[in-house]
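S.K.: So here's upload-v7.cif (mmCIF, C-alpha atoms).
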```
data_input
#
loop_
_atom_site.label_atom_id
_atom_site.label_comp_id
_atom_site.auth_asym_id
_atom_site.auth_seq_id
_atom_site.Cartn_x
_atom_site.Cartn_y
_atom_site.Cartn_z
CA ASP A 1 16.94 -5.44 2.93
CA THR A 2 13.27 -4.56 2.53
CA GLU A 3 13.70 -2.13 -0.31
CA VAL A 4 11.60 -1.76 -3.40
CA THR A 5 12.98 0.78 -5.85
CA GLN A 6 11.08 2.64 -8.54
CA THR A 7 12.23 4.79 -11.41
CA PRO A 8 11.70 7.49 -12.39
CA LYS A 9 10.60 9.44 -9.31
CA HIS A 10 8.72 11.95 -11.43
CA LEU A 11 7.42 11.73 -14.99
CA VAL A 12 5.65 14.29 -17.11
CA MET A 13 4.25 13.07 -20.41
CA GLY A 14 1.92 14.16 -23.15
CA MET A 15 -1.12 12.19 -24.19
CA THR A 16 0.64 10.85 -27.30
CA ASN A 17 3.83 9.75 -25.55
CA LYS A 18 4.96 6.23 -24.71
CA LYS A 19 6.83 5.79 -21.46
CA SER A 20 7.61 3.04 -18.96
CA LEU A 21 7.75 2.85 -15.18
CA LYS A 22 10.19 0.45 -13.61
CA CYS A 23 10.20 -1.39 -10.31
CA GLU A 24 12.85 -3.63 -8.80
CA GLN A 25 13.20 -5.72 -5.65
CA HIS A 26 15.91 -8.12 -4.49
CA MET A 27 14.15 -9.70 -1.54
CA GLY A 28 13.32 -12.92 -3.38
CA HIS A 29 9.65 -11.97 -3.39
CA ARG A 30 7.55 -13.78 -5.97
CA ALA A 31 4.51 -11.51 -6.02
CA MET A 32 4.64 -7.95 -7.35
CA TYR A 33 1.93 -5.35 -7.63
CA TRP A 34 1.09 -2.08 -9.33
CA TYR A 35 -1.16 0.38 -7.56
CA LYS A 36 -2.47 3.79 -8.52
CA GLN A 37 -2.99 6.37 -5.80
CA LYS A 38 -4.79 9.67 -6.14
CA ALA A 39 -4.37 12.43 -3.57
CA LYS A 40 -5.96 11.67 -0.19
CA LYS A 41 -7.14 8.24 -1.37
CA PRO A 42 -5.87 4.75 -0.56
CA PRO A 43 -3.88 2.82 -3.16
CA GLU A 44 -6.04 1.17 -5.84
CA LEU A 45 -4.86 -2.19 -7.08
CA MET A 46 -4.14 -2.37 -10.81
CA PHE A 47 -2.20 -5.58 -11.43
CA VAL A 48 -0.74 -8.51 -9.54
CA TYR A 49 2.02 -10.77 -10.82
CA SER A 50 2.58 -14.04 -9.06
CA TYR A 51 5.61 -16.09 -10.07
CA GLU A 52 6.03 -13.81 -13.09
CA LYS A 53 2.51 -14.51 -14.34
CA LEU A 54 -0.31 -11.99 -14.35
CA SER A 55 -2.79 -13.20 -11.76
CA ILE A 56 -4.99 -10.14 -11.23
CA ASN A 57 -5.95 -7.36 -13.63
CA GLU A 58 -8.44 -5.05 -12.00
CA SER A 59 -10.14 -4.03 -15.26
CA VAL A 60 -7.40 -1.56 -16.03
CA PRO A 61 -7.60 0.24 -19.43
CA SER A 62 -5.34 -1.17 -22.12
CA ARG A 63 -3.32 2.05 -22.23
CA PHE A 64 -1.58 0.55 -19.16
CA SER A 65 0.41 -2.56 -20.02
CA PRO A 66 2.33 -4.45 -17.32
CA GLU A 67 5.33 -6.64 -17.90
CA CYS A 68 7.30 -8.89 -15.57
CA PRO A 69 10.60 -9.79 -17.30
CA ASN A 70 11.90 -11.74 -14.29
CA SER A 71 11.21 -12.29 -10.62
CA SER A 72 12.97 -9.07 -9.58
CA LEU A 73 11.60 -6.64 -12.15
CA LEU A 74 8.20 -5.22 -12.92
CA ASN A 75 7.46 -2.66 -15.62
CA LEU A 76 4.38 -0.64 -16.44
CA HIS A 77 4.23 0.57 -20.04
CA LEU A 78 2.17 3.68 -20.65
CA HIS A 79 0.67 4.77 -23.96
CA ALA A 80 -1.93 7.36 -24.94
CA LEU A 81 -2.71 8.30 -21.35
CA GLN A 82 -5.33 10.80 -20.28
CA PRO A 83 -4.91 13.72 -17.85
CA GLU A 84 -7.04 11.83 -15.31
CA ASP A 85 -4.33 9.16 -15.23
CA SER A 86 -2.10 11.61 -13.35
CA ALA A 87 -1.39 10.02 -9.98
CA LEU A 88 1.25 8.38 -7.80
CA TYR A 89 2.02 4.92 -9.17
CA LEU A 90 3.19 2.53 -6.50
CA CYS A 91 4.93 -0.78 -6.88
CA ALA A 92 4.89 -3.34 -4.08
CA SER A 93 6.14 -6.86 -3.51
CA SER A 94 5.42 -9.71 -1.14
CA ARG A 95 6.82 -13.18 -0.60
CA GLY A 96 4.24 -14.90 -2.78
CA ALA A 97 1.07 -16.94 -2.89
CA GLY A 98 0.79 -19.58 -0.20
CA ASN A 99 3.11 -17.74 2.16
CA THR A 100 2.31 -14.10 1.67
CA ASP A 101 2.50 -12.10 4.83
CA THR A 102 2.71 -8.47 3.85
CA GLN A 103 3.59 -6.05 1.12
CA TYR A 104 6.52 -3.70 0.89
CA PHE A 105 6.02 -0.57 -1.17
CA GLY A 106 8.38 1.45 -3.26
CA PRO A 107 8.48 5.25 -3.05
CA GLY A 108 6.30 5.63 -6.12
CA THR A 109 6.50 7.44 -9.43
CA ARG A 110 4.56 10.68 -9.58
CA LEU A 111 3.05 10.84 -13.06
CA THR A 112 1.63 13.96 -14.63
CA VAL A 113 -0.16 13.67 -17.98
CA LEU A 114 -0.54 16.94 -19.85
CA GLN B 115 -20.48 -2.37 2.27
CA LYS B 116 -16.76 -1.82 1.88
CA GLU B 117 -14.42 -4.63 2.86
CA VAL B 118 -12.47 -2.32 5.18
CA GLU B 119 -13.75 0.81 6.92
CA GLN B 120 -11.48 3.46 8.38
CA ASP B 121 -12.31 6.91 9.68
CA PRO B 122 -10.46 9.36 7.39
CA GLY B 123 -10.13 11.99 10.13
CA PRO B 124 -8.40 14.37 10.14
CA LEU B 125 -7.16 13.69 13.64
CA SER B 126 -5.18 16.37 15.47
CA VAL B 127 -3.48 15.73 18.83
CA PRO B 128 -0.92 17.52 21.01
CA GLU B 129 2.62 16.18 21.22
CA GLY B 130 2.94 13.42 23.82
CA ALA B 131 -0.67 12.25 23.48
CA ILE B 132 -1.68 8.63 22.98
CA VAL B 133 -3.21 8.16 19.53
CA SER B 134 -5.70 5.43 18.71
CA LEU B 135 -6.37 4.55 15.06
CA ASN B 136 -8.94 1.95 14.09
CA CYS B 137 -10.33 -0.11 11.23
CA THR B 138 -13.26 -2.46 10.98
CA TYR B 139 -13.73 -5.13 8.37
CA SER B 140 -16.43 -7.45 7.14
CA ASN B 141 -14.57 -10.48 5.78
CA SER B 142 -13.99 -13.10 8.48
CA ALA B 143 -11.40 -14.78 6.22
CA PHE B 144 -8.89 -11.99 6.76
CA GLN B 145 -5.87 -13.31 8.64
CA TYR B 146 -3.05 -10.84 8.02
CA PHE B 147 -3.36 -7.27 9.26
CA MET B 148 -1.02 -4.41 8.49
CA TRP B 149 -0.55 -0.77 9.33
CA TYR B 150 1.26 1.53 6.94
CA ARG B 151 2.42 5.10 7.46
CA GLN B 152 2.42 7.36 4.43
CA TYR B 153 3.99 10.79 4.42
CA SER B 154 2.73 13.29 1.89
CA ARG B 155 3.75 12.41 -1.68
CA LYS B 156 5.68 9.31 -0.56
CA GLY B 157 5.02 5.56 -0.77
CA PRO B 158 3.44 3.71 2.18
CA GLU B 159 5.92 2.42 4.75
CA LEU B 160 5.12 -0.77 6.65
CA LEU B 161 4.85 -0.08 10.37
CA MET B 162 3.34 -3.18 11.89
CA TYR B 163 1.87 -6.44 10.83
CA THR B 164 0.11 -9.15 12.80
CA TYR B 165 -1.22 -12.56 11.97
CA SER B 166 -4.63 -13.52 13.38
CA SER B 167 -5.67 -12.12 16.77
CA GLY B 168 -3.60 -10.58 19.51
CA ASN B 169 -1.28 -7.70 20.28
CA LYS B 170 2.09 -6.75 18.91
CA GLU B 171 4.32 -4.04 20.26
CA ASP B 172 7.23 -2.25 18.59
CA GLY B 173 8.64 0.75 20.40
CA ARG B 174 5.94 3.39 20.71
CA PHE B 175 3.57 1.43 18.44
CA THR B 176 1.12 -1.29 19.47
CA ALA B 177 -1.12 -3.14 17.03
CA GLN B 178 -4.19 -5.00 18.26
CA VAL B 179 -6.42 -7.40 16.39
CA ASP B 180 -9.80 -8.53 17.67
CA LYS B 181 -11.10 -11.02 15.12
CA SER B 182 -14.29 -11.70 17.07
CA SER B 183 -15.27 -8.05 16.62
CA LYS B 184 -13.56 -7.67 13.22
CA TYR B 185 -11.71 -4.68 14.62
CA ILE B 186 -8.06 -3.67 14.51
CA SER B 187 -6.27 -0.81 16.23
CA LEU B 188 -2.95 0.96 16.16
CA PHE B 189 -1.85 2.84 19.27
CA ILE B 190 0.92 5.41 19.21
CA ARG B 191 2.34 6.38 22.60
CA ASP B 192 4.16 9.64 23.29
CA SER B 193 3.21 10.93 19.85
CA GLN B 194 5.73 13.16 18.07
CA PRO B 195 5.34 15.77 15.33
CA SER B 196 7.24 13.36 13.05
CA ASP B 197 4.30 10.95 13.43
CA SER B 198 2.17 13.37 11.40
CA ALA B 199 1.18 11.34 8.36
CA THR B 200 -1.65 9.30 6.90
CA TYR B 201 -2.05 5.85 8.46
CA LEU B 202 -3.48 3.09 6.30
CA CYS B 203 -4.71 -0.26 7.54
CA ALA B 204 -4.55 -3.22 5.16
CA MET B 205 -5.53 -6.85 5.41
CA ARG B 206 -5.83 -10.08 3.47
CA GLY B 207 -6.82 -13.69 3.75
CA ASN B 208 -4.76 -16.87 3.63
CA THR B 209 -5.09 -17.38 -0.10
CA GLY B 210 -4.69 -15.18 -3.13
CA ASN B 211 -2.66 -12.03 -3.48
CA GLN B 212 -5.24 -9.32 -2.98
CA PHE B 213 -4.80 -6.87 -0.14
CA TYR B 214 -7.62 -4.64 1.04
CA PHE B 215 -6.87 -1.12 2.23
CA GLY B 216 -8.72 1.27 4.46
CA THR B 217 -9.13 4.83 3.23
CA GLY B 218 -6.41 6.09 5.58
CA THR B 219 -6.55 8.38 8.63
CA SER B 220 -4.75 11.71 8.46
CA LEU B 221 -2.94 12.45 11.73
CA THR B 222 -1.34 15.73 12.79
CA VAL B 223 0.68 15.93 16.01
CA ILE B 224 0.97 19.51 17.18
CA PRO B 225 4.21 20.53 18.95
#
```
Show me, as structure tokens, the structure contained in the file I just sent.

M.R.:
Amino acid sequence: DTEVTQTPKHLVMGMTNKKSLKCEQHMGHRAMYWYKQKAKKPPELMFVYSYEKLSINESVPSRFSPECPNSSLLNLHLHALQPEDSALYLCASSRGAGNTDTQYFGPGTRLTVL
Amino acid sequence: QKEVEQDPGPLSVPEGAIVSLNCTYSNSAFQYFMWYRQYSRKGPELLMYTYSSGNKEDGRFTAQVDKSSKYISLFIRDSQPSDSATYLCAMRGNTGNQFYFGTGTSLTVIP
């Protein structure tokens, strides 16, 4: 099973709302990632968790707050977003540091900020 | 200079053609090389991955890595309309968790 699941598939929120994106994998992977992807652009790395610890934060604004409750789950908490934050948010996982071969992506959450 | 360069296209070919997609890179430490297919408004789907240099074949797809030239290719034989998508190359080194993506090449296969 090489499946990464993400919920919700679509999300529309106002600039004052608080919402969360969820990602789950059951492949025993120990590295998980959040990416942001705008139309016709490659994914842009936001955060990397390795063994449930934040290892990379690509200077992402604090209105995005990641959380890794356990090795299978990854959340992205959203607060006070801007319309330019509208994008496809992708979660990915890989086996983990020291033996990381490739990433498997989820289907993404399409976020629209009004 | 970007870490990974990829011609964005668009590339349009007739059904049955052989398609060649390419990426170049600058970091000689890259060891793992991947090709993803992304349909419109969907997440990237892993197609092929190779470690270090060489060829790898899977059905109609062949991935090639030439580390001496810092050049990777994906060949699609007998292309089908269902192959119409954006193809992203990605790569990384032996350490750390950061993957580097090309900009993606948009491919259309015309029936």

S.K.: Evaluated on this file, the PyMOL selection byres ((chain B) within 7 of (chain A)) picks out some residues - which ones are they, written as a list of chain:residue names?

M.R.: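 Checking the PyMOL selection byres ((chain B) within 7 of (chain A)) against this file, the residues are B:Tyr146, B:Lys156, B:Gly157, B:Pro158, B:Glu159, B:Leu160, B:Thr209, B:Gly210, B:Asn211, B:Phe215, B:Gly216, B:Thr217, B:Gly218.
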
S.K.: Kindly export the residues of the current selection with C-alpha atoms, as a short mmCIF file (atom, residue, chain, number, x, y, z; two decimals), in the frame of the given file.

M.R.:
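Contents of the output file out.cif:
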```
data_model
loop_
_atom_site.label_atom_id
_atom_site.label_comp_id
_atom_site.auth_asym_id
_atom_site.auth_seq_id
_atom_site.Cartn_x
_atom_site.Cartn_y
_atom_site.Cartn_z
CA TYR B 146 -3.05 -10.84 8.02
CA LYS B 156 5.68 9.31 -0.56
CA GLY B 157 5.02 5.56 -0.77
CA PRO B 158 3.44 3.71 2.18
CA GLU B 159 5.92 2.42 4.75
CA LEU B 160 5.12 -0.77 6.65
CA THR B 209 -5.09 -17.38 -0.10
CA GLY B 210 -4.69 -15.18 -3.13
CA ASN B 211 -2.66 -12.03 -3.48
CA PHE B 215 -6.87 -1.12 2.23
CA GLY B 216 -8.72 1.27 4.46
CA THR B 217 -9.13 4.83 3.23
CA GLY B 218 -6.41 6.09 5.58
#
```

S.K.: Spell out the residues picked by the PyMOL selection byres ((chain B and resi 165-178) around 6) here, as a ChimeraX atom specification.

M.R.: /B:145-146,164,179-181,186-191

S.K.: One number please: CA of Glu84 in chain A to CA of Lys36 in chain A, in Å, one decimal.

M.R.: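 Distance reported for this atom pair: 11.5 Å.
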
S.K.: Evaluate the PyMOL selection byres ((chain B and resi 206) around 7) and record the selected residues as a list in words, following the chain and residue labels used in the document.

M.R.: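 Selection result, ordered by chain and number: Phe144, Gln145, Tyr146, Phe147, Met205, Gly207, Asn208, Gln212, Phe213 and Tyr214 of chain B.
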
S.K.: Please dump the current selection as an mmCIF file, keeping the file's coordinate frame; keep C-alpha atoms.

M.R.:
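Result went into selection-v1.cif, see below:
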```
data_model
loop_
_atom_site.group_PDB
_atom_site.id
_atom_site.type_symbol
_atom_site.label_atom_id
_atom_site.label_comp_id
_atom_site.auth_asym_id
_atom_site.auth_seq_id
_atom_site.Cartn_x
_atom_site.Cartn_y
_atom_site.Cartn_z
ATOM 1 C CA PHE B 144 -8.890 -11.990 6.760
ATOM 2 C CA GLN B 145 -5.870 -13.310 8.640
ATOM 3 C CA TYR B 146 -3.050 -10.840 8.020
ATOM 4 C CA PHE B 147 -3.360 -7.270 9.260
ATOM 5 C CA MET B 205 -5.530 -6.850 5.410
ATOM 6 C CA GLY B 207 -6.820 -13.690 3.750
ATOM 7 C CA ASN B 208 -4.760 -16.870 3.630
ATOM 8 C CA GLN B 212 -5.240 -9.320 -2.980
ATOM 9 C CA PHE B 213 -4.800 -6.870 -0.140
ATOM 10 C CA TYR B 214 -7.620 -4.640 1.040
#
```

S.K.: Tell me, as an MDAnalysis selection string, which residues lie within 9 Å of Ser86 in chain A, counting all atoms listed in the file; anything in the same chain fewer than 4 positions away does not count.

M.R.: chainID A and resid 38 81:82 110:114

S.K.: Let me have the centre and edge lengths in Å, one decimal, of the box along x, y and z around every listed atom of range 116-120 of chain B with 6 Å of margin on each side, as JSON.

M.R.:
```
{"center_x": -14.1, "center_y": -0.6, "center_z": 5.1, "size_x": 17.3, "size_y": 20.1, "size_z": 18.5}
```

S.K.: For a test of reading the model, state the distance in Å between CA of Val12 in chain A and CA of Tyr35 in chain A, rounded to one decimal.

M.R.: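 So the two atoms, CA of Val12 in chain A and CA of Tyr35 in chain A, lie 18.2 Å apart.
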
S.K.: Using Å and a single decimal, report how far CA of Gln6 in chain A sits from CA of Leu54 in chain A.

M.R.: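 Between CA of Leu54 in chain A and CA of Gln6 in chain A the gap works out to 19.4 Å.
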
S.K.: So that I can check the surroundings of Cys68 in chain A, please list as a VMD selection string every protein, DNA and RNA residue that reaches within 10 Å of it, counting all atoms listed in the file and ignoring chain neighbours fewer than 3 positions away.

M.R.: chain A and resid 22 to 23 32 49 to 54 71 to 76

S.K.: For Ser126 in chain B, please output as a ChimeraX atom specification all residues within 10 Å (counting all atoms listed in the file; exclusion window: fewer than 3 positions along the same chain).

M.R.: /B:123,129,133,198,220-224
